[in-house]
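Structure file structure.tsv; described as TSV, C-alpha atoms and all ligand atoms.
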```
chain	number	residue	atom	x	y	z
T	3	MET	CA	2.93	12.48	0.92
T	4	SER	CA	-0.15	12.77	-1.25
T	5	GLY	CA	-2.95	12.14	1.25
T	6	TRP	CA	-3.93	10.74	4.62
T	7	SER	CA	-6.04	7.81	5.79
T	8	GLU	CA	-7.56	7.03	9.16
T	9	VAL	CA	-6.23	3.77	10.66
T	10	HIS	CA	-7.36	2.92	14.22
T	11	GLY	CA	-8.05	6.62	14.79
T	12	LEU	CA	-4.60	7.67	13.57
T	13	SER	CA	-3.85	9.74	10.46
T	14	VAL	CA	-1.56	7.66	8.23
T	15	ALA	CA	0.18	8.95	5.09
T	16	GLU	CA	-0.97	7.13	1.97
T	17	LYS	CA	2.36	7.72	0.28
T	18	VAL	CA	5.82	8.07	1.79
T	19	VAL	CA	8.79	9.26	-0.28
T	20	LEU	CA	12.05	8.04	1.16
T	21	SER	CA	14.99	10.29	0.31
T	22	ALA	CA	17.59	9.65	3.00
T	23	GLY	CA	20.45	8.79	0.62
T	24	ALA	CA	22.34	5.59	-0.18
T	25	TYR	CA	23.13	4.96	3.50
T	26	GLY	CA	19.95	6.36	5.09
T	27	SER	CA	17.18	4.93	2.88
T	28	PRO	CA	18.10	1.22	3.13
T	29	ALA	CA	18.66	1.65	6.88
T	30	ILE	CA	15.14	3.07	7.31
T	31	LEU	CA	13.64	0.22	5.25
T	32	GLN	CA	15.54	-2.39	7.26
T	33	ARG	CA	14.49	-0.86	10.59
T	34	SER	CA	10.91	-1.06	9.28
T	35	GLY	CA	11.21	-4.80	8.63
T	36	ILE	CA	11.88	-4.54	4.88
T	37	GLY	CA	14.99	-6.42	3.75
T	38	ASP	CA	16.72	-9.77	3.94
T	39	PRO	CA	14.71	-11.74	6.56
T	40	ALA	CA	17.80	-13.51	7.97
T	41	ASP	CA	19.68	-10.23	8.42
T	42	LEU	CA	16.64	-8.57	9.97
T	43	ARG	CA	16.15	-11.40	12.48
T	44	ALA	CA	19.86	-11.25	13.35
T	45	ALA	CA	19.33	-7.55	14.16
T	46	GLY	CA	16.26	-8.34	16.31
T	47	ILE	CA	13.82	-6.89	13.77
T	48	ALA	CA	10.67	-8.79	12.74
T	49	PRO	CA	10.71	-9.23	8.93
T	50	LEU	CA	7.64	-7.84	7.15
T	51	VAL	CA	8.71	-7.74	3.50
T	52	ASP	CA	11.28	-10.15	2.01
T	53	LEU	CA	13.54	-7.91	-0.11
T	54	PRO	CA	17.11	-9.20	0.10
T	55	GLY	CA	18.47	-6.40	-2.11
T	56	VAL	CA	17.92	-3.73	0.55
T	57	GLY	CA	21.39	-2.53	1.61
T	58	ARG	CA	23.21	-4.71	-0.96
T	59	ASN	CA	24.91	-3.50	-4.17
T	60	LEU	CA	26.54	-0.58	-2.32
T	61	HIS	CA	29.18	0.99	-4.54
T	62	ASP	CA	31.06	4.22	-5.14
T	63	HIS	CA	33.93	5.39	-7.34
T	64	PRO	CA	37.20	4.34	-5.70
T	65	ILE	CA	39.99	6.91	-5.91
T	66	VAL	CA	43.73	7.10	-5.40
T	67	GLU	CA	45.38	10.36	-4.40
T	68	LEU	CA	48.95	10.88	-5.56
T	69	GLU	CA	50.57	13.61	-3.49
T	70	PHE	CA	53.22	16.03	-4.75
T	71	ALA	CA	55.59	18.41	-2.99
T	72	GLY	CA	54.33	21.52	-4.82
T	73	SER	CA	56.57	24.50	-5.55
T	74	GLU	CA	57.08	28.05	-4.37
T	75	ARG	CA	55.65	29.30	-7.69
T	76	LEU	CA	52.42	27.27	-7.23
T	77	ARG	CA	51.99	28.50	-3.63
T	78	GLN	CA	52.52	32.06	-4.83
T	79	LEU	CA	49.93	31.63	-7.61
T	80	LEU	CA	47.37	30.17	-5.16
T	81	VAL	CA	47.85	33.02	-2.70
T	82	GLU	CA	47.56	35.58	-5.50
T	83	SER	CA	44.36	34.02	-6.88
T	84	ALA	CA	42.85	33.81	-3.37
T	85	SER	CA	43.55	37.50	-2.80
T	86	ALA	CA	41.65	38.14	-6.06
T	87	ARG	CA	38.78	36.08	-4.49
T	88	PHE	CA	39.31	33.14	-6.83
T	89	THR	CA	40.06	29.75	-5.25
T	90	PRO	CA	40.84	27.34	-8.07
T	91	GLU	CA	41.44	24.23	-5.97
T	92	GLU	CA	39.72	21.86	-8.42
T	93	GLN	CA	39.06	23.39	-11.81
T	94	THR	CA	40.04	20.81	-14.40
T	95	LEU	CA	38.99	17.24	-15.04
T	96	GLY	CA	40.51	14.74	-17.45
T	97	LYS	CA	38.47	11.78	-18.71
T	98	LEU	CA	40.50	8.75	-19.82
T	99	ARG	CA	39.92	5.26	-21.17
T	100	SER	CA	41.65	2.33	-19.53
T	101	SER	CA	42.07	-0.96	-21.43
T	102	ARG	CA	38.97	-2.23	-19.52
T	103	ALA	CA	36.59	0.65	-20.33
T	104	THR	CA	33.17	-0.35	-21.64
T	105	GLY	CA	32.24	3.17	-22.74
T	106	PRO	CA	33.89	6.43	-23.78
T	107	TYR	CA	35.95	6.65	-20.53
T	108	ASP	CA	36.28	4.94	-17.17
T	109	LEU	CA	38.78	7.20	-15.40
T	110	HIS	CA	38.64	10.71	-13.98
T	111	LEU	CA	41.91	12.46	-13.39
T	112	PHE	CA	42.00	15.82	-11.61
T	113	PRO	CA	44.53	17.98	-9.82
T	114	VAL	CA	43.80	19.49	-6.42
T	115	ALA	CA	46.06	22.37	-5.49
T	116	ALA	CA	45.03	23.82	-2.15
T	117	HIS	CA	45.68	27.29	-0.77
T	118	PRO	CA	48.18	27.05	2.14
T	119	LEU	CA	45.46	28.10	4.63
T	120	SER	CA	42.66	25.88	3.27
T	121	LEU	CA	41.36	22.70	4.90
T	122	LEU	CA	43.77	20.72	2.73
T	123	ALA	CA	46.61	22.88	4.11
T	124	GLY	CA	48.42	23.45	0.86
T	125	ARG	CA	48.47	19.81	-0.29
T	126	VAL	CA	49.00	19.18	-3.98
T	127	LEU	CA	47.27	16.08	-5.30
T	128	LEU	CA	46.63	14.31	-8.55
T	129	VAL	CA	43.46	12.28	-8.00
T	130	VAL	CA	42.67	9.19	-10.07
T	131	ALA	CA	39.07	7.86	-9.90
T	132	ALA	CA	37.72	4.60	-11.37
T	133	MET	CA	34.34	5.52	-12.88
T	134	GLU	CA	33.00	2.03	-13.74
T	135	PRO	CA	33.57	0.23	-10.42
T	136	ARG	CA	32.87	-3.52	-10.39
T	137	SER	CA	33.28	-4.01	-6.60
T	138	ARG	CA	30.20	-4.12	-4.41
T	139	GLY	CA	29.65	-3.76	-0.66
T	140	TRP	CA	26.69	-3.77	1.73
T	141	LEU	CA	25.00	-1.97	4.59
T	142	ARG	CA	23.07	-3.50	7.50
T	143	VAL	CA	21.45	-2.06	10.59
T	144	ALA	CA	22.50	-3.74	13.83
T	145	GLY	CA	19.11	-3.10	15.46
T	146	ALA	CA	15.92	-1.07	15.28
T	147	ASP	CA	17.33	1.97	17.14
T	148	PRO	CA	17.02	4.89	14.67
T	149	GLU	CA	19.89	6.70	16.44
T	150	ALA	CA	22.37	3.82	15.90
T	151	GLU	CA	24.67	3.96	12.87
T	152	PRO	CA	24.32	1.11	10.37
T	153	VAL	CA	27.22	-1.26	9.74
T	154	ILE	CA	28.75	-0.38	6.35
T	155	GLU	CA	31.16	-2.55	4.34
T	156	HIS	CA	32.08	-0.73	1.14
T	157	GLY	CA	34.06	-3.58	-0.40
T	158	TYR	CA	36.28	-1.21	-2.38
T	159	LEU	CA	38.67	-3.01	-4.79
T	160	SER	CA	37.10	-6.37	-3.86
T	161	ASP	CA	35.88	-7.46	-7.30
T	162	PRO	CA	37.12	-11.01	-7.98
T	163	GLU	CA	38.79	-10.13	-11.29
T	164	GLY	CA	40.77	-7.30	-9.70
T	165	SER	CA	39.39	-4.99	-12.35
T	166	ASP	CA	39.01	-1.86	-10.19
T	167	ARG	CA	42.60	-2.23	-8.98
T	168	ALA	CA	43.85	-2.70	-12.56
T	169	VAL	CA	41.94	0.34	-13.85
T	170	LEU	CA	43.31	2.51	-11.03
T	171	ALA	CA	46.83	1.23	-11.74
T	172	GLU	CA	46.49	2.30	-15.39
T	173	GLY	CA	45.16	5.67	-14.25
T	174	ILE	CA	48.12	6.12	-11.89
T	175	GLU	CA	50.50	5.40	-14.75
T	176	ARG	CA	48.84	8.06	-16.91
T	177	ALA	CA	48.80	10.55	-14.01
T	178	ARG	CA	52.52	10.07	-13.47
T	179	GLU	CA	53.21	10.59	-17.18
T	180	LEU	CA	51.28	13.84	-16.98
T	181	ALA	CA	53.04	14.90	-13.77
T	182	ALA	CA	56.40	14.48	-15.50
T	183	THR	CA	55.38	16.83	-18.32
T	184	GLU	CA	56.25	20.54	-18.32
T	185	PRO	CA	54.93	23.03	-17.33
T	186	LEU	CA	53.05	20.88	-14.77
T	187	ARG	CA	56.21	19.18	-13.53
T	188	ALA	CA	57.87	22.43	-12.37
T	189	LEU	CA	54.65	23.56	-10.65
T	190	ILE	CA	53.74	20.42	-8.72
T	191	GLY	CA	57.25	19.13	-8.01
T	192	ASP	CA	58.18	15.60	-6.95
T	193	GLU	CA	55.75	12.91	-5.87
T	194	ILE	CA	55.78	12.23	-2.12
T	195	PRO	CA	55.82	8.55	-1.04
T	196	PRO	CA	53.97	6.17	-0.01
T	197	SER	CA	56.10	3.89	-2.05
T	198	LEU	CA	55.04	3.90	-5.66
T	199	ASP	CA	54.36	0.18	-5.90
T	200	HIS	CA	51.91	0.22	-3.03
T	201	ALA	CA	50.07	3.44	-3.72
T	202	ILE	CA	46.71	1.74	-4.31
T	203	GLU	CA	46.81	-0.30	-1.08
T	204	GLN	CA	47.92	2.62	1.05
T	205	ILE	CA	45.87	5.50	-0.19
T	206	HIS	CA	42.74	4.33	-1.97
T	207	ALA	CA	39.63	6.19	-0.91
T	208	HIS	CA	36.32	7.16	-2.52
T	209	TYR	CA	34.70	9.99	-4.45
T	210	TYR	CA	31.68	10.53	-2.08
T	211	HIS	CA	29.30	8.96	-4.63
T	212	PRO	CA	27.58	6.04	-2.84
T	213	VAL	CA	24.64	4.47	-4.74
T	214	GLY	CA	22.73	1.26	-5.35
T	215	THR	CA	21.37	0.12	-1.97
T	216	CYS	CA	17.65	0.26	-2.92
T	217	ALA	CA	18.24	-0.44	-6.60
T	218	MET	CA	15.48	-0.23	-9.18
T	219	GLY	CA	15.25	-3.20	-11.52
T	220	ALA	CA	13.12	-5.74	-13.34
T	221	GLU	CA	10.63	-7.83	-11.38
T	222	ALA	CA	12.60	-10.98	-12.25
T	223	ASP	CA	15.71	-9.59	-10.55
T	224	PRO	CA	15.66	-10.97	-6.97
T	225	LEU	CA	17.88	-8.12	-5.75
T	226	ALA	CA	15.80	-5.30	-7.28
T	227	VAL	CA	14.24	-3.35	-4.41
T	228	CYS	CA	12.17	-0.87	-6.44
T	229	ASP	CA	10.35	-0.82	-9.75
T	230	GLY	CA	11.04	1.68	-12.53
T	231	ALA	CA	8.93	4.35	-10.79
T	232	GLY	CA	10.86	3.99	-7.51
T	233	ARG	CA	8.03	2.04	-5.78
T	234	VAL	CA	9.34	-0.37	-3.15
T	235	ARG	CA	8.23	-3.88	-4.10
T	236	GLY	CA	5.97	-5.83	-1.77
T	237	ILE	CA	4.49	-2.84	0.04
T	238	GLU	CA	2.00	-0.17	-0.97
T	239	GLY	CA	2.77	3.54	-0.98
T	240	VAL	CA	6.55	3.67	-0.31
T	241	VAL	CA	8.69	5.32	-2.98
T	242	VAL	CA	12.47	5.88	-3.01
T	243	ALA	CA	13.89	9.04	-4.58
T	244	ASP	CA	17.65	9.32	-4.11
T	245	CYS	CA	20.97	7.78	-5.18
T	246	SER	CA	20.14	4.46	-3.50
T	247	LEU	CA	17.79	3.86	-6.44
T	248	MET	CA	20.60	3.77	-9.02
T	249	PRO	CA	21.45	0.14	-9.83
T	250	VAL	CA	24.78	1.23	-11.32
T	251	VAL	CA	26.67	4.39	-10.48
T	252	PRO	CA	26.78	6.82	-13.42
T	253	ARG	CA	30.15	7.45	-15.00
T	254	ALA	CA	30.00	10.93	-13.42
T	255	ASN	CA	29.74	12.88	-10.18
T	256	THR	CA	26.37	12.05	-8.67
T	257	ASN	CA	24.85	15.37	-7.59
T	258	LEU	CA	23.11	16.18	-10.87
T	259	PRO	CA	22.02	12.55	-11.41
T	260	ALA	CA	20.50	12.67	-7.89
T	261	VAL	CA	18.52	15.78	-8.84
T	262	ILE	CA	17.30	14.08	-12.00
T	263	VAL	CA	16.20	11.01	-10.02
T	264	GLY	CA	14.18	13.36	-7.78
T	265	GLU	CA	12.58	15.06	-10.77
T	266	ARG	CA	11.72	11.80	-12.52
T	267	ILE	CA	10.17	10.28	-9.38
T	268	ALA	CA	8.20	13.49	-8.75
T	269	ASP	CA	6.91	13.34	-12.35
T	270	ALA	CA	5.87	9.70	-11.87
T	271	LEU	CA	4.05	10.54	-8.62
T	272	LEU	CA	2.21	13.48	-10.21
T	273	ALA	CA	1.27	11.34	-13.22
T	274	GLY	CA	-0.11	8.75	-10.76
T	275	GLU	CA	-2.19	11.44	-9.00
T	276	ARG	CA	-3.64	12.44	-12.36
T	277	GLY	CA	-4.47	8.79	-12.97
T	278	GLU	CA	-2.15	8.51	-16.01
A	301	LIG	C1	31.86	15.76	0.83
A	301	LIG	C2	31.06	15.51	-0.43
A	301	LIG	C3	31.39	16.20	-1.59
A	301	LIG	C4	30.68	15.96	-2.75
A	301	LIG	N1	31.00	16.67	-3.88
A	301	LIG	C5	30.29	16.47	-5.01
A	301	LIG	C6	30.57	17.23	-6.18
A	301	LIG	O1	31.47	18.08	-6.20
A	301	LIG	N2	29.83	16.99	-7.29
A	301	LIG	C7	28.83	16.05	-7.33
A	301	LIG	O2	28.20	15.86	-8.37
A	301	LIG	N3	28.54	15.33	-6.23
A	301	LIG	C8	29.23	15.52	-5.07
A	301	LIG	N4	28.94	14.79	-3.94
A	301	LIG	C9	27.90	13.76	-4.05
A	301	LIG	C10	26.50	14.33	-3.93
A	301	LIG	O3	26.45	15.26	-2.86
A	301	LIG	C11	25.54	13.15	-3.65
A	301	LIG	O4	25.63	12.21	-4.70
A	301	LIG	C12	24.10	13.59	-3.52
A	301	LIG	O5	23.93	14.59	-2.54
A	301	LIG	C13	23.26	12.39	-3.13
A	301	LIG	O6	21.91	12.77	-3.03
A	301	LIG	P1	20.87	11.90	-2.23
A	301	LIG	O7	19.58	12.60	-2.30
A	301	LIG	O8	20.96	10.48	-2.69
A	301	LIG	O9	21.40	11.86	-0.72
A	301	LIG	P2	21.82	13.05	0.27
A	301	LIG	O10	22.15	14.29	-0.46
A	301	LIG	O11	22.85	12.44	1.16
A	301	LIG	O12	20.48	13.34	1.08
A	301	LIG	C14	20.01	12.48	2.07
A	301	LIG	C15	19.44	13.32	3.21
A	301	LIG	O13	18.71	12.47	4.11
A	301	LIG	C16	19.05	12.81	5.43
A	301	LIG	N5	18.84	11.62	6.27
A	301	LIG	C17	19.56	10.47	6.29
A	301	LIG	N6	19.03	9.60	7.18
A	301	LIG	C18	17.95	10.21	7.72
A	301	LIG	C19	17.00	9.83	8.71
A	301	LIG	N7	17.04	8.63	9.31
A	301	LIG	N8	16.02	10.70	9.02
A	301	LIG	C20	15.95	11.92	8.39
A	301	LIG	N9	16.85	12.35	7.46
A	301	LIG	C21	17.82	11.49	7.14
A	301	LIG	C22	20.49	13.25	5.35
A	301	LIG	O14	20.82	14.07	6.46
A	301	LIG	C23	20.51	14.01	4.03
A	301	LIG	O15	20.13	15.35	4.21
A	301	LIG	C24	29.62	15.02	-2.76
A	301	LIG	C25	29.27	14.35	-1.57
A	301	LIG	C26	29.99	14.60	-0.41
A	301	LIG	C27	29.60	13.87	0.86
```

Show me the file's structure as structure tokens.
Amino acid sequence: MSGWSEVHGLSVAEKVVLSAGAYGSPAILQRSGIGDPADLRAAGIAPLVDLPGVGRNLHDHPIVELEFAGSERLRQLLVESASARFTPEEQTLGKLRSSRATGPYDLHLFPVAAHPLSLLAGRVLLVVAAMEPRSRGWLRVAGADPEAEPVIEHGYLSDPEGSDRAVLAEGIERARELAATEPLRALIGDEIPPSLDHAIEQIHAHYYHPVGTCAMGAEADPLAVCDGAGRVRGIEGVVVADCSLMPVVPRANTNLPAVIVGERIADALLAGERGE
């Protein structure tokens, strides 16, 4: 908040920076009457600003976890490394190109080998993540109560061309090739069902990287919520600075990109204060 104004005897912030994340920020805007007017009315909220993109375009990297039996040798190595105060549960990451990749890679592949006493209770996983997801979901508040959780439909693997499913299937194939290669094979052991053919249906999950629900974009884009400086369209003084601003999820884990969004929006705000 950069300053305060007096309105009807109340101090009102001239600028509000919204940074409640890809689930929290669109929910706060919707509760404030900013969003798709039909959805807002259905939730009993009076529409103030018509911005149908608020809460839409929700996406994340879908993942599949292949589980393996592990081996006595692997358990022994994990216990030994933990006693040396080193817990290498996730230390390597492969980047792969499926036949549908548009850039240098569109798959992450990483092993998770958990210490027997960790939260994962000794599970051994090979995780496959689709890094250019095409599927989109949405988020809507059911009412103005700030304590109530929003309704969230992620829409994982729902893209009409079945692209996310196909990319994950290719990733699974590559993961299984790797798992059958020594010395990994002897360490991680046999794959544990669910049945191989239905692995995607049964065990797809996400990478904890939700984005896109207050997306920045060109003025001509009817679903763009914010401009290039994170300013919410149609209202003065509200700026978004979190992963909800990303129109497309980066082909990467989102923590560092989130920090960069914060830094870029802070720079833009400071430049505005200086009148640049
Ligand atoms: C379990 C987990 C593991 C992850 N691991 C990694 C990793 O290894 N590497 C990586 O790069 N990324 C990782 N991520 C992703 C990364 O943490 C996020 O992309 C990043 O934190 C998003 O930043 P953000 O500012 O958009 O939102 P957040 O970090 O979610 O910040 C939003 C904040 O707003 C608060 N908030 C929400 N609603 C309200 C409200 N109504 N009023 C007040 N406050 C509110 C929330 O409590 C939260 O503190 C992980 C995420 C999770 C959940």

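Nearest-residue note for ligand LIG 301 (chain A): choosing from T:Ala40, T:Leu189, T:Ile262, T:Ala131, the minimum distance belongs to T:Ile262, counting all atoms listed in the file.
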
Exercise for the section: Could I get the residue neighbourhood of ligand LIG 301 (chain A) at 6 Å, counting all atoms listed in the file, as a ChimeraX atom specification? Expected result: /T:21-24,26,210-211,244-245,255-258,260

Exercise for the section: Rounded to one decimal place, report the CA of Ala220 in chain T-CA of Arg58 in chain T distance in Å. Expected result: 16.0 Å

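Of the listed residues T:Lys17, T:His117, T:Glu155, T:Arg253, the one whose atoms come nearest to Leu98 in chain T is T:Arg253, with distances taken using all atoms listed in the file.
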
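The spacing separating CA of Leu225 in chain T from CA of Thr104 in chain T amounts to 23.4 Å.
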
Problem - Sphere at (37.5, -2.4, -8.8), radius 9 Å, counting all atoms listed in the file: residues as an MDAnalysis selection string - result: chainID T and resid 63:64 132 134:138 158:170

Give me, as CSV, each residue of range 71-120 of chain T that comes within 12 Å of range 177-186 of chain T, together with its shortest interatomic pair and the distance in Å at one decimal, counting all atoms listed in the file, with rows ordered by chain and rising residue number.
```
residue,atom,partner,partner_atom,distance
T:Ala71,CA,T:Ala181,CA,11.6
T:Gly72,CA,T:Leu186,CA,10.1
T:Ser73,CA,T:Leu186,CA,10.5
T:Arg75,CA,T:Leu186,CA,11.3
T:Leu76,CA,T:Leu186,CA,9.9
T:Leu95,CA,T:Ala177,CA,11.9
T:Gly96,CA,T:Ala177,CA,9.9
T:Lys97,CA,T:Ala177,CA,11.4
T:Leu98,CA,T:Ala177,CA,10.3
T:Leu109,CA,T:Ala177,CA,10.7
T:His110,CA,T:Ala177,CA,10.2
T:Leu111,CA,T:Ala177,CA,7.2
T:Phe112,CA,T:Ala177,CA,8.9
T:Pro113,CA,T:Ala177,CA,9.5
T:Ala115,CA,T:Leu186,CA,11.7
```

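CA of His206 in chain T is positioned 4.5 Å from CA of Val66 in chain T.
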
Exercise for the section: Might you pull out every residue within 12 Å of Asp41 in chain T, with only C-alpha atoms counted and same-chain residues fewer than 5 positions away left off, and present them as a ChimeraX atom specification? Expected result: /T:32-33,35-36,46-49,52-58,140-145,153

Exercise for the section: Write out as a list of chain:residue names which residues come within 8 Å of Leu247 in chain T when counting all atoms listed in the file, dropping same-chain ones fewer than 2 positions away. Expected result: T:Ala24, T:Val213, T:Gly214, T:Thr215, T:Cys216, T:Ala217, T:Met218, T:Cys228, T:Gly232, T:Val242, T:Ala243, T:Asp244, T:Cys245, T:Pro249

Using C-alpha atoms, can you export the residues from the last selection as a PDB file, in the coordinates of the input?
```pdb
ATOM      1  CA  ALA T  24      22.340   5.590  -0.180  1.00  0.00           C
ATOM      2  CA  VAL T 213      24.640   4.470  -4.740  1.00  0.00           C
ATOM      3  CA  GLY T 214      22.730   1.260  -5.350  1.00  0.00           C
ATOM      4  CA  THR T 215      21.370   0.120  -1.970  1.00  0.00           C
ATOM      5  CA  CYS T 216      17.650   0.260  -2.920  1.00  0.00           C
ATOM      6  CA  ALA T 217      18.240  -0.440  -6.600  1.00  0.00           C
ATOM      7  CA  MET T 218      15.480  -0.230  -9.180  1.00  0.00           C
ATOM      8  CA  CYS T 228      12.170  -0.870  -6.440  1.00  0.00           C
ATOM      9  CA  GLY T 232      10.860   3.990  -7.510  1.00  0.00           C
ATOM     10  CA  VAL T 242      12.470   5.880  -3.010  1.00  0.00           C
ATOM     11  CA  ALA T 243      13.890   9.040  -4.580  1.00  0.00           C
ATOM     12  CA  ASP T 244      17.650   9.320  -4.110  1.00  0.00           C
ATOM     13  CA  CYS T 245      20.970   7.780  -5.180  1.00  0.00           C
ATOM     14  CA  PRO T 249      21.450   0.140  -9.830  1.00  0.00           C
TER      15      PRO T 249
END
```

Handout entry: Spatial neighbours of Leu127 in chain T, max dist 8 Å, only C-alpha atoms, sep filter under 6 positions, as a PyMOL selection string
Key = chain T and resi 67-70+113-115

Take the selection from the previous step and output its residues with C-alpha atoms, as a PDB file, in the coordinates of the input.
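The file below, again19.pdb, is the result:
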```pdb
ATOM      1  CA  GLU T  67      45.380  10.360  -4.400  1.00  0.00           C
ATOM      2  CA  LEU T  68      48.950  10.880  -5.560  1.00  0.00           C
ATOM      3  CA  GLU T  69      50.570  13.610  -3.490  1.00  0.00           C
ATOM      4  CA  PHE T  70      53.220  16.030  -4.750  1.00  0.00           C
ATOM      5  CA  PRO T 113      44.530  17.980  -9.820  1.00  0.00           C
ATOM      6  CA  VAL T 114      43.800  19.490  -6.420  1.00  0.00           C
ATOM      7  CA  ALA T 115      46.060  22.370  -5.490  1.00  0.00           C
TER       8      ALA T 115
END
```

Practice task
Tell me which protein, DNA and RNA residues are within 12 Å of range 272-278 of chain T, counting all atoms listed in the file, leaving out same-chain ones fewer than 6 positions away, and put them as number ranges by chain.
Solution key: T: 3-5, 16-17, 231, 233, 239, 265-266
